[in-house]
Amino acid sequence: MTDRRSTAGGQRRLLEVTDKSTIATNVVSLTFRDVDGGRLPEWTPGSHIDLHLPNGATRQYSLCGNRWKPGEYRIAVLKEGHGRGGSDFIHQHVNVGDRLAIGGPRNNFAILPAQHYIFIAGGIGITPIIPMIDHVRRLGARWELLYGGRTRESMAFLNTLQGDNITIFAKNEHGRMCLRRELEKRSQDSTRVYCCGPAEMVSDAAAAVRSVGRARFHSEHFSAKSPPNRLNDREFDIHLARSGKTLLVTAGSSILDVARGAGVVVLSSCETGTCGTCETGVLAGVPDHRDSIHDDPDAVSDIMYICVSRSQSPHLTLDL
Amino acid sequence: MSYYTPAAAADGVPICDDDPFATDVLLDPHAFYSKVREMGDVIWLSRYRAYMIGRYAPVRNALEDWQRFSSSAGVGIEDFETTGHDRSLTLEEDPPFHDASRAVFSHVLSPRSLQKLRDSWFDTADGLVQSALHIGTVDAVAALAQPLPVAVIPQALGVGGSGQECLIPYADYMFNSFGPENDLRRASSVGQEDRAAWVTAQLELNKLAESGIGGDIWAASQRGLVDPDDAHLMVRALLAAGMDTTVHGLGSLLYALASHPRQWEALRRDPALASVAFDEAIRWESPVHRFFRKTREPVRIGDVTIPANVKVLLLFASANRDARRWSEPSEPEAFDLARNPAGHVAFGMGIHQCVGQHVARLEASALLHAMVTRVRSIEMAGDVTRNLNNSVGGWASIPIQITGC
């Protein structure tokens, strides 16, 4: 039993790869744990993490593991074969025992209450759907899955997905699935449709849900611009408007620590960016939000949570 | 007794024969907590055939570990999986059932959503402090700690009309009912049906103001974020959970300031300390003293393995005074504004951490602002009387004398 306060704060979270396995053609599953073996921040189905790779790339991956295992995160990565960026690097160079920095988790694809769910997954888009299925199973809601891919061999998690309510469309066996026809058969007024897959498929599904006219549609949309690379945290200045102090926040310290160190009284509680207690007004500058409170951090600029968040601009003026 | 499920004592577990719900313990809880902390990480509570944890680190770990320390069998001594009684929404649910209502609560009670209430709450607190100054010697509970939540909480929820005072005894019974069927619980149940009927009547949809937090919860249910039946229970839960806890929290704050003159002087010199004063006060004397969890699998803590499927009593108020955690810059028994109270478990910790904490802090902030602005001295004017309850602590009466600037 140790007091975890010492490990909280503005530091990056370093995770260690504990498993890497091929789970389908060109798909590897990675399992991570905290380097100290502690609990990882809470997440809900639909959440993603930012993975900061040693080659400078930052990529977002949906969590596809089990919330009942609080010490580990799991992701599945499709090798995209463009020869650059994240997925090739992960397939070729990331190994068990490596340590990688992560940001988040955050959820832009949260599962909402419904009597009946239709999940539509295309290829690697199955990843956020896996914990969603576990979630609605436990809730006792009715659900169906439409899962499409090129071949059965290319489709991850297929062996865990069996039952009358699961329909598999392997393109080389059946051709493409007709989403409109499938949704026509299945949609009810109380249905929520959750869709994740290639952009074209997501827009087809959205159009199909609209034309069928029942059901509500939810899809995964990662923000187009990649988040700042947190491997290279930089120092920046903060100006505290009320106390009239200007202070330097170094790469290894948090705004909260620095303000407190200068004798400014700031209240905090969880110090992991989840409770919201250290909310602070931003008067000038562009915050780099790293909390798990905002679902859309780009939409917020006038407040920040200083226990974990940093600055995108060299100067930040705070209402402290 | 059939309302809880007796467990078996684990090998090597220290045994406590005291009754944590007995009047003499409730009158002097910290003496009991100190004894519990000295006995070990995990204690066997022979009288209720349950386990008990009073040290900071294992209490905090259990609170965060919802996977193994479940809330869905109830957070009182009663085991709903045995009795079949209904559990309460959010508080007594594990994921995934917990998630939807919690998300809506978090949104409607976020600091940003509460911003619009700030001015009116500051005015209300200022009025109460002025009235108290006019009299000079007052009971801080009756004059300040109680009227502030009674004035602002039902109004913020959108519950109008009169009769809000009954929410205090209404919530007092709710918190007693987490404990065993003792005299305390029986006595506070008298009149509860009438009070519950008043609450039910206020919660009819057409009586809730659209602009209030209650209206926000209804709106969320209309958007499908939470089940409409649950929305009703959520507003009801806020009325109960936000009253006595806040009354006792504000009471702790006022008692702390009145009984620590040097801290009051420090606060007057540096009003910025107000931001830590409330959290330090509820670390020092926590409104919620204890809640239970139920183990889902055997849990090893130190030398003791708590078996699966047993109730474990977590002593929040004890954890917040554990010298293993709270020895800087002064001993845990001291109310000290130089302390950083971050990490206290007065609001719990983890996924069930008090979703109304920002509401409580805004009330405290309103009260402190009025105090620092208008009050020169605050002193004790008599002995405090404890409020006896199976789960919440605090004072029924805090005689103080205040003088204006």
# chains A, B, ... in the order shown; residues from 1 in each chain; ligands from 1
$ residues_around --residues "A:Gly46" --least-positions-apart "2" --cutoff "10 Å" --atoms "only C-alpha atoms" --output "list of chain:residue names"
A:Trp43, A:Thr44, A:His48, A:Ser62, A:Leu63, A:Cys64, A:Pro105, A:Arg106, A:Asn107, A:Asn108, A:Phe109, A:Ala110, A:Ile111, A:Thr127, A:Pro128, A:Ile129, A:Ile130, A:Pro131, A:Met132, A:Tyr194, A:Cys196, A:Ser219, A:Glu220
$ write_last_selection --atoms "N, CA, C and O atoms" --output "mmCIF file, in the first residue's frame"
data_model
loop_
_atom_site.group_PDB
_atom_site.id
_atom_site.type_symbol
_atom_site.label_atom_id
_atom_site.label_comp_id
_atom_site.auth_asym_id
_atom_site.auth_seq_id
_atom_site.Cartn_x
_atom_site.Cartn_y
_atom_site.Cartn_z
ATOM 1 N N TRP A 43 -11.598 4.482 -17.830
ATOM 2 C CA TRP A 43 -12.062 4.739 -19.195
ATOM 3 C C TRP A 43 -13.438 4.108 -19.365
ATOM 4 O O TRP A 43 -13.861 3.278 -18.560
ATOM 5 N N THR A 44 -14.134 4.523 -20.403
ATOM 6 C CA THR A 44 -15.436 3.948 -20.719
ATOM 7 C C THR A 44 -15.408 3.509 -22.185
ATOM 8 O O THR A 44 -14.577 3.993 -22.959
ATOM 9 N N HIS A 48 -10.436 6.546 -26.467
ATOM 10 C CA HIS A 48 -9.172 6.306 -27.165
ATOM 11 C C HIS A 48 -8.027 6.873 -26.335
ATOM 12 O O HIS A 48 -8.238 7.687 -25.438
ATOM 13 N N SER A 62 -8.344 3.335 -30.295
ATOM 14 C CA SER A 62 -9.449 3.002 -29.388
ATOM 15 C C SER A 62 -9.009 1.919 -28.416
ATOM 16 O O SER A 62 -8.293 0.994 -28.790
ATOM 17 N N LEU A 63 -9.478 2.038 -27.180
ATOM 18 C CA LEU A 63 -9.215 0.978 -26.212
ATOM 19 C C LEU A 63 -10.181 -0.175 -26.477
ATOM 20 O O LEU A 63 -11.380 0.032 -26.659
ATOM 21 N N CYS A 64 -9.641 -1.397 -26.537
ATOM 22 C CA CYS A 64 -10.496 -2.540 -26.840
ATOM 23 C C CYS A 64 -10.374 -3.626 -25.774
ATOM 24 O O CYS A 64 -10.743 -4.771 -25.994
ATOM 25 N N PRO A 105 -6.950 8.562 -21.223
ATOM 26 C CA PRO A 105 -7.945 8.363 -22.282
ATOM 27 C C PRO A 105 -9.011 9.461 -22.335
ATOM 28 O O PRO A 105 -9.261 10.124 -21.344
ATOM 29 N N ARG A 106 -9.577 9.607 -23.518
ATOM 30 C CA ARG A 106 -10.692 10.523 -23.748
ATOM 31 C C ARG A 106 -11.767 9.797 -24.514
ATOM 32 O O ARG A 106 -11.487 8.870 -25.258
ATOM 33 N N ASN A 107 -12.998 10.289 -24.370
ATOM 34 C CA ASN A 107 -14.091 9.607 -25.061
ATOM 35 C C ASN A 107 -14.909 10.576 -25.896
ATOM 36 O O ASN A 107 -15.593 11.442 -25.366
ATOM 37 N N ASN A 108 -14.833 10.461 -27.225
ATOM 38 C CA ASN A 108 -15.695 11.232 -28.132
ATOM 39 C C ASN A 108 -16.777 10.345 -28.737
ATOM 40 O O ASN A 108 -17.433 10.728 -29.696
ATOM 41 N N PHE A 109 -16.925 9.149 -28.219
ATOM 42 C CA PHE A 109 -17.771 8.144 -28.872
ATOM 43 C C PHE A 109 -18.492 7.355 -27.783
ATOM 44 O O PHE A 109 -18.558 6.134 -27.823
ATOM 45 N N ALA A 110 -19.008 8.088 -26.788
ATOM 46 C CA ALA A 110 -19.562 7.428 -25.598
ATOM 47 C C ALA A 110 -20.856 6.704 -25.928
ATOM 48 O O ALA A 110 -21.645 7.151 -26.756
ATOM 49 N N ILE A 111 -21.067 5.599 -25.268
ATOM 50 C CA ILE A 111 -22.282 4.824 -25.501
ATOM 51 C C ILE A 111 -23.386 5.323 -24.575
ATOM 52 O O ILE A 111 -23.197 5.481 -23.378
ATOM 53 N N THR A 127 -12.537 -2.150 -33.113
ATOM 54 C CA THR A 127 -11.900 -2.009 -31.789
ATOM 55 C C THR A 127 -12.776 -1.305 -30.741
ATOM 56 O O THR A 127 -12.942 -1.850 -29.657
ATOM 57 N N PRO A 128 -13.361 -0.117 -31.019
ATOM 58 C CA PRO A 128 -14.175 0.491 -29.948
ATOM 59 C C PRO A 128 -15.464 -0.294 -29.695
ATOM 60 O O PRO A 128 -16.061 -0.186 -28.625
ATOM 61 N N ILE A 129 -15.878 -1.080 -30.707
ATOM 62 C CA ILE A 129 -17.147 -1.812 -30.605
ATOM 63 C C ILE A 129 -17.034 -2.969 -29.602
ATOM 64 O O ILE A 129 -18.011 -3.311 -28.935
ATOM 65 N N ILE A 130 -15.840 -3.545 -29.474
ATOM 66 C CA ILE A 130 -15.663 -4.702 -28.580
ATOM 67 C C ILE A 130 -16.071 -4.378 -27.131
ATOM 68 O O ILE A 130 -16.906 -5.068 -26.554
ATOM 69 N N PRO A 131 -15.509 -3.297 -26.514
ATOM 70 C CA PRO A 131 -15.973 -2.989 -25.147
ATOM 71 C C PRO A 131 -17.422 -2.500 -25.099
ATOM 72 O O PRO A 131 -18.090 -2.669 -24.075
ATOM 73 N N MET A 132 -17.916 -1.917 -26.195
ATOM 74 C CA MET A 132 -19.329 -1.503 -26.216
ATOM 75 C C MET A 132 -20.240 -2.728 -26.117
ATOM 76 O O MET A 132 -21.262 -2.714 -25.429
ATOM 77 N N TYR A 194 -24.241 2.497 -33.557
ATOM 78 C CA TYR A 194 -22.849 2.925 -33.344
ATOM 79 C C TYR A 194 -21.995 2.356 -34.466
ATOM 80 O O TYR A 194 -21.967 1.143 -34.658
ATOM 81 N N CYS A 196 -18.226 2.383 -36.616
ATOM 82 C CA CYS A 196 -16.821 2.768 -36.726
ATOM 83 C C CYS A 196 -16.192 1.978 -37.862
ATOM 84 O O CYS A 196 -16.350 0.757 -37.943
ATOM 85 N N SER A 219 -21.116 7.963 -34.592
ATOM 86 C CA SER A 219 -19.947 7.393 -35.258
ATOM 87 C C SER A 219 -18.671 7.968 -34.662
ATOM 88 O O SER A 219 -18.684 9.011 -34.025
ATOM 89 N N GLU A 220 -17.610 7.256 -34.866
ATOM 90 C CA GLU A 220 -16.319 7.695 -34.347
ATOM 91 C C GLU A 220 -15.720 8.722 -35.277
ATOM 92 O O GLU A 220 -15.651 8.519 -36.482
#
$ residues_around --residues "stretch 252-268 of chain B" --least-positions-apart "5" --cutoff "6 Å" --atoms "only C-alpha atoms" --output "PyMOL selection string"
chain B and resi 273+278+281+372+378-380
$ interface_residues --of "chain A" --to "chain B" --cutoff "9 Å" --atoms "only C-alpha atoms" --output "short mmCIF file (atom, residue, chain, number, x, y, z; two decimals) with N, CA, C and O atoms, in the first residue's frame"
data_model
loop_
_atom_site.label_atom_id
_atom_site.label_comp_id
_atom_site.auth_asym_id
_atom_site.auth_seq_id
_atom_site.Cartn_x
_atom_site.Cartn_y
_atom_site.Cartn_z
N MET A 1 0.83 -1.19 0.00
CA MET A 1 0.00 0.00 0.00
C MET A 1 0.87 1.25 0.00
O MET A 1 1.65 1.46 0.91
N THR A 2 0.76 2.04 -1.00
CA THR A 2 1.52 3.27 -1.01
C THR A 2 0.59 4.42 -1.33
O THR A 2 -0.47 4.23 -1.91
N ASP A 3 0.98 5.58 -0.94
CA ASP A 3 0.23 6.79 -1.26
C ASP A 3 0.59 7.17 -2.69
O ASP A 3 1.74 7.42 -2.99
N ARG A 4 -0.39 7.20 -3.55
CA ARG A 4 -0.10 7.41 -4.97
C ARG A 4 0.08 8.88 -5.34
O ARG A 4 0.30 9.18 -6.48
N ARG A 5 -0.09 9.77 -4.36
CA ARG A 5 -0.05 11.17 -4.69
C ARG A 5 1.25 11.52 -5.41
O ARG A 5 1.27 12.35 -6.31
N ARG A 39 -2.92 1.29 -10.87
CA ARG A 39 -4.16 1.43 -11.65
C ARG A 39 -3.94 2.47 -12.75
O ARG A 39 -3.28 3.48 -12.52
N GLU A 42 -9.31 5.71 -15.33
CA GLU A 42 -10.57 5.07 -15.73
C GLU A 42 -10.89 5.38 -17.19
O GLU A 42 -10.53 6.44 -17.71
N THR A 44 -14.13 4.52 -20.40
CA THR A 44 -15.44 3.95 -20.72
C THR A 44 -15.41 3.51 -22.19
O THR A 44 -14.58 3.99 -22.96
N ARG A 67 -12.47 -3.16 -18.91
CA ARG A 67 -12.45 -2.19 -17.79
C ARG A 67 -12.28 -2.87 -16.44
O ARG A 67 -11.95 -2.24 -15.46
N TRP A 68 -12.60 -4.15 -16.38
CA TRP A 68 -12.49 -4.87 -15.11
C TRP A 68 -11.05 -5.29 -14.82
O TRP A 68 -10.78 -5.94 -13.84
N LYS A 69 -10.14 -4.92 -15.74
CA LYS A 69 -8.71 -5.11 -15.48
C LYS A 69 -8.09 -3.72 -15.37
O LYS A 69 -7.61 -3.17 -16.37
N PRO A 70 -8.11 -3.12 -14.18
CA PRO A 70 -7.75 -1.70 -14.04
C PRO A 70 -6.28 -1.41 -14.29
O PRO A 70 -5.90 -0.26 -14.43
N ILE A 111 -21.07 5.60 -25.27
CA ILE A 111 -22.28 4.82 -25.50
C ILE A 111 -23.39 5.32 -24.58
O ILE A 111 -23.20 5.48 -23.38
N LEU A 112 -24.53 5.65 -25.17
CA LEU A 112 -25.65 6.26 -24.44
C LEU A 112 -26.77 5.24 -24.26
O LEU A 112 -26.83 4.24 -24.97
N PRO A 113 -27.67 5.50 -23.30
CA PRO A 113 -28.71 4.51 -23.00
C PRO A 113 -29.64 4.25 -24.19
O PRO A 113 -29.98 5.17 -24.93
N ALA A 114 -30.04 3.00 -24.37
CA ALA A 114 -31.02 2.63 -25.38
C ALA A 114 -31.56 1.24 -25.04
O ALA A 114 -30.93 0.50 -24.29
N HIS A 135 -20.31 -3.92 -22.67
CA HIS A 135 -21.09 -2.97 -21.88
C HIS A 135 -22.60 -3.27 -22.00
O HIS A 135 -23.29 -3.41 -21.00
N VAL A 136 -23.10 -3.38 -23.23
CA VAL A 136 -24.56 -3.57 -23.38
C VAL A 136 -24.98 -4.99 -22.99
O VAL A 136 -26.10 -5.20 -22.53
N ARG A 138 -23.71 -6.57 -20.41
CA ARG A 138 -23.86 -6.48 -18.96
C ARG A 138 -25.12 -5.74 -18.57
O ARG A 138 -25.74 -6.02 -17.55
N LEU A 139 -25.49 -4.72 -19.37
CA LEU A 139 -26.70 -3.95 -19.08
C LEU A 139 -27.96 -4.76 -19.38
O LEU A 139 -29.04 -4.41 -18.95
N VAL A 264 1.47 30.41 -4.25
CA VAL A 264 0.10 30.70 -4.64
C VAL A 264 -0.78 29.54 -4.17
O VAL A 264 -0.44 28.37 -4.37
N VAL A 265 -1.89 29.86 -3.50
CA VAL A 265 -2.75 28.82 -2.96
C VAL A 265 -3.69 28.33 -4.05
O VAL A 265 -4.49 29.08 -4.57
N VAL A 266 -3.54 27.08 -4.43
CA VAL A 266 -4.40 26.50 -5.46
C VAL A 266 -4.94 25.19 -4.91
O VAL A 266 -4.19 24.38 -4.36
N LEU A 267 -6.24 25.00 -5.07
CA LEU A 267 -6.84 23.76 -4.58
C LEU A 267 -6.84 22.72 -5.69
O LEU A 267 -7.10 23.02 -6.85
N SER A 268 -6.54 21.48 -5.31
CA SER A 268 -6.63 20.38 -6.26
C SER A 268 -7.14 19.17 -5.51
O SER A 268 -7.19 19.19 -4.28
N SER A 269 -7.52 18.14 -6.25
CA SER A 269 -7.95 16.94 -5.53
C SER A 269 -7.34 15.69 -6.14
O SER A 269 -6.41 15.10 -5.61
N CYS A 270 -7.82 15.28 -7.34
CA CYS A 270 -7.35 13.99 -7.87
C CYS A 270 -5.94 14.09 -8.45
O CYS A 270 -5.18 13.14 -8.44
N GLU A 271 -5.59 15.27 -8.97
CA GLU A 271 -4.30 15.52 -9.62
C GLU A 271 -4.02 14.56 -10.78
O GLU A 271 -2.88 14.24 -11.10
N CYS A 275 -11.17 15.15 -11.85
CA CYS A 275 -12.22 15.63 -10.93
C CYS A 275 -12.66 17.06 -11.21
O CYS A 275 -13.77 17.43 -10.88
N GLY A 276 -11.81 17.89 -11.78
CA GLY A 276 -12.20 19.25 -12.12
C GLY A 276 -11.96 20.29 -11.03
O GLY A 276 -12.28 21.46 -11.20
N THR A 277 -11.39 19.89 -9.91
CA THR A 277 -11.24 20.80 -8.78
C THR A 277 -10.27 21.96 -9.08
O THR A 277 -10.48 23.07 -8.63
N GLU A 279 -9.78 23.66 -11.69
CA GLU A 279 -10.16 24.49 -12.83
C GLU A 279 -9.66 25.93 -12.65
O GLU A 279 -9.85 26.53 -11.61
#
$ select_by_dssp --residues "stretch 79-196 of chain A" --states "helix (DSSP H, G or I)" --output "compact mmCIF listing (two decimals) with N, CA, C and O atoms, in the first residue's frame"
# COMPACT_ATOMS: atom_id res chain seq x y z
N GLY A 86 2.68 5.87 -37.97
CA GLY A 86 2.54 5.12 -36.75
C GLY A 86 2.42 3.62 -36.87
O GLY A 86 3.16 2.87 -36.23
N SER A 87 1.49 3.14 -37.72
CA SER A 87 1.15 1.73 -37.64
C SER A 87 2.31 0.84 -38.09
O SER A 87 2.57 -0.19 -37.49
N ASP A 88 3.05 1.26 -39.14
CA ASP A 88 4.20 0.47 -39.58
C ASP A 88 5.25 0.40 -38.49
O ASP A 88 5.85 -0.65 -38.24
N PHE A 89 5.45 1.55 -37.84
CA PHE A 89 6.45 1.60 -36.77
C PHE A 89 6.07 0.62 -35.65
O PHE A 89 6.91 -0.13 -35.15
N ILE A 90 4.79 0.63 -35.29
CA ILE A 90 4.35 -0.26 -34.21
C ILE A 90 4.56 -1.71 -34.61
O ILE A 90 5.09 -2.52 -33.84
N HIS A 91 4.16 -2.05 -35.84
CA HIS A 91 4.30 -3.44 -36.29
C HIS A 91 5.75 -3.89 -36.30
O HIS A 91 6.07 -5.01 -35.92
N GLN A 92 6.64 -2.98 -36.75
CA GLN A 92 8.03 -3.39 -36.94
C GLN A 92 8.91 -3.21 -35.71
O GLN A 92 9.79 -4.01 -35.45
N HIS A 93 8.66 -2.13 -34.96
CA HIS A 93 9.68 -1.75 -33.96
C HIS A 93 9.23 -1.81 -32.51
O HIS A 93 10.07 -1.74 -31.62
N GLY A 123 -13.71 -3.45 -40.73
CA GLY A 123 -12.28 -3.72 -40.53
C GLY A 123 -11.84 -3.44 -39.10
O GLY A 123 -12.46 -3.88 -38.14
N ILE A 124 -10.75 -2.64 -38.98
CA ILE A 124 -10.17 -2.37 -37.66
C ILE A 124 -11.11 -1.48 -36.82
O ILE A 124 -10.91 -1.33 -35.62
N GLY A 125 -12.15 -0.94 -37.44
CA GLY A 125 -13.19 -0.19 -36.72
C GLY A 125 -13.92 -1.03 -35.68
O GLY A 125 -14.73 -0.50 -34.91
N ILE A 126 -13.63 -2.31 -35.63
CA ILE A 126 -14.23 -3.17 -34.61
C ILE A 126 -13.72 -2.81 -33.21
O ILE A 126 -14.37 -3.11 -32.21
N THR A 127 -12.54 -2.15 -33.11
CA THR A 127 -11.90 -2.01 -31.79
C THR A 127 -12.78 -1.31 -30.74
O THR A 127 -12.94 -1.85 -29.66
N PRO A 128 -13.36 -0.12 -31.02
CA PRO A 128 -14.17 0.49 -29.95
C PRO A 128 -15.46 -0.29 -29.69
O PRO A 128 -16.06 -0.19 -28.62
N ILE A 129 -15.88 -1.08 -30.71
CA ILE A 129 -17.15 -1.81 -30.60
C ILE A 129 -17.03 -2.97 -29.60
O ILE A 129 -18.01 -3.31 -28.93
N ILE A 130 -15.84 -3.55 -29.47
CA ILE A 130 -15.66 -4.70 -28.58
C ILE A 130 -16.07 -4.38 -27.13
O ILE A 130 -16.91 -5.07 -26.55
N PRO A 131 -15.51 -3.30 -26.51
CA PRO A 131 -15.97 -2.99 -25.15
C PRO A 131 -17.42 -2.50 -25.10
O PRO A 131 -18.09 -2.67 -24.08
N MET A 132 -17.92 -1.92 -26.19
CA MET A 132 -19.33 -1.50 -26.22
C MET A 132 -20.24 -2.73 -26.12
O MET A 132 -21.26 -2.71 -25.43
N ILE A 133 -19.88 -3.80 -26.82
CA ILE A 133 -20.68 -5.02 -26.78
C ILE A 133 -20.68 -5.60 -25.37
O ILE A 133 -21.72 -5.98 -24.84
N ASP A 134 -19.51 -5.59 -24.73
CA ASP A 134 -19.43 -6.07 -23.35
C ASP A 134 -20.33 -5.24 -22.44
O ASP A 134 -21.05 -5.77 -21.59
N HIS A 135 -20.31 -3.92 -22.67
CA HIS A 135 -21.09 -2.97 -21.88
C HIS A 135 -22.60 -3.27 -22.00
O HIS A 135 -23.29 -3.41 -21.00
N VAL A 136 -23.10 -3.38 -23.23
CA VAL A 136 -24.56 -3.57 -23.38
C VAL A 136 -24.98 -4.99 -22.99
O VAL A 136 -26.10 -5.20 -22.53
N ARG A 137 -24.07 -5.94 -23.12
CA ARG A 137 -24.34 -7.29 -22.63
C ARG A 137 -24.60 -7.27 -21.13
O ARG A 137 -25.55 -7.84 -20.63
N ARG A 138 -23.71 -6.57 -20.41
CA ARG A 138 -23.86 -6.48 -18.96
C ARG A 138 -25.12 -5.74 -18.57
O ARG A 138 -25.74 -6.02 -17.55
N LEU A 139 -25.49 -4.72 -19.37
CA LEU A 139 -26.70 -3.95 -19.08
C LEU A 139 -27.96 -4.76 -19.38
O LEU A 139 -29.04 -4.41 -18.95
N ARG A 152 -12.18 -13.13 -43.87
CA ARG A 152 -12.32 -13.52 -42.46
C ARG A 152 -10.98 -13.43 -41.74
O ARG A 152 -10.91 -13.04 -40.58
N GLU A 153 -9.90 -13.78 -42.45
CA GLU A 153 -8.57 -13.78 -41.84
C GLU A 153 -8.13 -12.37 -41.44
O GLU A 153 -7.29 -12.19 -40.57
N SER A 154 -8.69 -11.36 -42.12
CA SER A 154 -8.26 -9.98 -41.85
C SER A 154 -9.06 -9.35 -40.72
O SER A 154 -8.79 -8.23 -40.31
N LEU A 158 -12.72 -12.06 -34.42
CA LEU A 158 -13.80 -12.87 -34.99
C LEU A 158 -14.14 -14.08 -34.11
O LEU A 158 -15.30 -14.43 -33.95
N ASN A 159 -13.09 -14.68 -33.51
CA ASN A 159 -13.34 -15.89 -32.71
C ASN A 159 -14.14 -15.61 -31.44
O ASN A 159 -14.74 -16.50 -30.86
N THR A 160 -14.13 -14.31 -30.98
CA THR A 160 -14.90 -14.00 -29.77
C THR A 160 -16.32 -13.55 -30.11
O THR A 160 -17.11 -13.28 -29.22
N LYS A 171 -15.92 -9.72 -47.59
CA LYS A 171 -16.12 -9.25 -48.97
C LYS A 171 -15.80 -10.34 -49.99
O LYS A 171 -16.49 -10.47 -50.99
N ASN A 172 -14.77 -11.15 -49.72
CA ASN A 172 -14.38 -12.17 -50.70
C ASN A 172 -15.37 -13.33 -50.74
O ASN A 172 -15.35 -14.14 -51.65
N GLU A 173 -16.27 -13.41 -49.73
CA GLU A 173 -17.28 -14.48 -49.74
C GLU A 173 -18.65 -13.97 -50.18
O GLU A 173 -19.37 -14.61 -50.91
N HIS A 174 -19.03 -12.77 -49.64
CA HIS A 174 -20.41 -12.31 -49.85
C HIS A 174 -20.52 -11.01 -50.63
O HIS A 174 -21.61 -10.51 -50.83
N LEU A 179 -25.95 -1.83 -46.36
CA LEU A 179 -26.30 -1.29 -45.04
C LEU A 179 -27.76 -0.90 -44.97
O LEU A 179 -28.44 -1.11 -43.98
N ARG A 180 -28.24 -0.31 -46.07
CA ARG A 180 -29.62 0.16 -46.09
C ARG A 180 -30.57 -1.01 -45.82
O ARG A 180 -31.49 -0.92 -45.03
N ARG A 181 -30.34 -2.15 -46.52
CA ARG A 181 -31.22 -3.31 -46.36
C ARG A 181 -31.11 -3.88 -44.94
O ARG A 181 -32.10 -4.19 -44.31
N GLU A 182 -29.89 -3.97 -44.46
CA GLU A 182 -29.69 -4.53 -43.11
C GLU A 182 -30.36 -3.66 -42.05
O GLU A 182 -30.96 -4.17 -41.10
N LEU A 183 -30.23 -2.34 -42.21
CA LEU A 183 -30.82 -1.44 -41.20
C LEU A 183 -32.33 -1.43 -41.29
O LEU A 183 -33.03 -1.34 -40.28
N GLU A 184 -32.85 -1.54 -42.52
CA GLU A 184 -34.30 -1.59 -42.72
C GLU A 184 -34.89 -2.76 -41.93
O GLU A 184 -35.92 -2.64 -41.27
N LYS A 185 -34.18 -3.90 -41.99
CA LYS A 185 -34.66 -5.11 -41.29
C LYS A 185 -34.64 -4.94 -39.78
O LYS A 185 -35.44 -5.52 -39.07
N ARG A 186 -33.65 -4.20 -39.29
CA ARG A 186 -33.36 -4.27 -37.85
C ARG A 186 -33.76 -3.05 -37.05
O ARG A 186 -33.96 -3.15 -35.84
$ residues_around --residues "stretch 140-149 of chain B" --least-positions-apart "6" --cutoff "6 Å" --atoms "only C-alpha atoms" --output "ChimeraX atom specification"
/B:247,250-251,397-398
$ select_by_dssp --residues "stretch 120-263 of chain A" --states "strand (DSSP E or B)" --output "ChimeraX atom specification"
/A:120-122,142-149,166-170,191-196,216-219,236-240,245-249
$ atom_distance --atom1 "atom CA of B:Leu238" --atom2 "atom CA of B:Arg290"
19.0 Å
$ residues_around --residues "A:Val94" --least-positions-apart "5" --cutoff "12 Å" --atoms "only C-alpha atoms" --output "PyMOL selection string"
chain A and resi 16-21+28-32+51-55+77+86-89+99-100
$ residues_around --residues "B:Gln155" --least-positions-apart "4" --cutoff "9 Å" --atoms "only C-alpha atoms" --output "list in words"
Val150, Ala151, Val159, Gly160, Ala209 and Gly212 of chain B
$ write_last_selection --atoms "C-alpha atoms" --output "mmCIF file, in the first residue's frame"
data_model
loop_
_atom_site.group_PDB
_atom_site.id
_atom_site.type_symbol
_atom_site.label_atom_id
_atom_site.label_comp_id
_atom_site.auth_asym_id
_atom_site.auth_seq_id
_atom_site.Cartn_x
_atom_site.Cartn_y
_atom_site.Cartn_z
ATOM 1 C CA VAL B 150 -31.730 25.203 2.567
ATOM 2 C CA ALA B 151 -31.950 28.541 0.769
ATOM 3 C CA VAL B 159 -37.856 23.249 -6.404
ATOM 4 C CA GLY B 160 -39.877 26.260 -5.304
ATOM 5 C CA ALA B 209 -38.286 25.257 -12.861
ATOM 6 C CA GLY B 212 -32.710 24.900 -12.658
#
$ closest_residue --among "B:Ala10, B:Ala240, B:Ala366, B:Leu313" --to "B:Val129" --atoms "only C-alpha atoms"
B:Ala366
$ residues_around --residues "B:Asp244" --least-positions-apart "2" --cutoff "9 Å" --atoms "only C-alpha atoms" --output "PyMOL selection string"
chain B and resi 146+149+167-169+171-172+175+240-242+246-249+287+392
$ residues_around --residues "A:Ala284" --least-positions-apart "4" --cutoff "8 Å" --atoms "only C-alpha atoms" --output "list in words"
His315, Leu316, Thr317 and Leu318 of chain A
$ write_last_selection --atoms "N, CA and C atoms" --output "short mmCIF file (atom, residue, chain, number, x, y, z; two decimals), in the first residue's frame"
data_model
loop_
_atom_site.label_atom_id
_atom_site.label_comp_id
_atom_site.auth_asym_id
_atom_site.auth_seq_id
_atom_site.Cartn_x
_atom_site.Cartn_y
_atom_site.Cartn_z
N HIS A 315 3.66 31.54 -23.79
CA HIS A 315 3.21 32.23 -22.58
C HIS A 315 1.73 31.93 -22.35
N LEU A 316 1.40 31.86 -21.08
CA LEU A 316 0.01 31.59 -20.71
C LEU A 316 -0.31 32.52 -19.55
N THR A 317 -1.41 33.26 -19.65
CA THR A 317 -1.81 34.12 -18.53
C THR A 317 -3.02 33.50 -17.84
N LEU A 318 -2.88 33.30 -16.54
CA LEU A 318 -3.91 32.58 -15.79
C LEU A 318 -4.55 33.47 -14.74
#
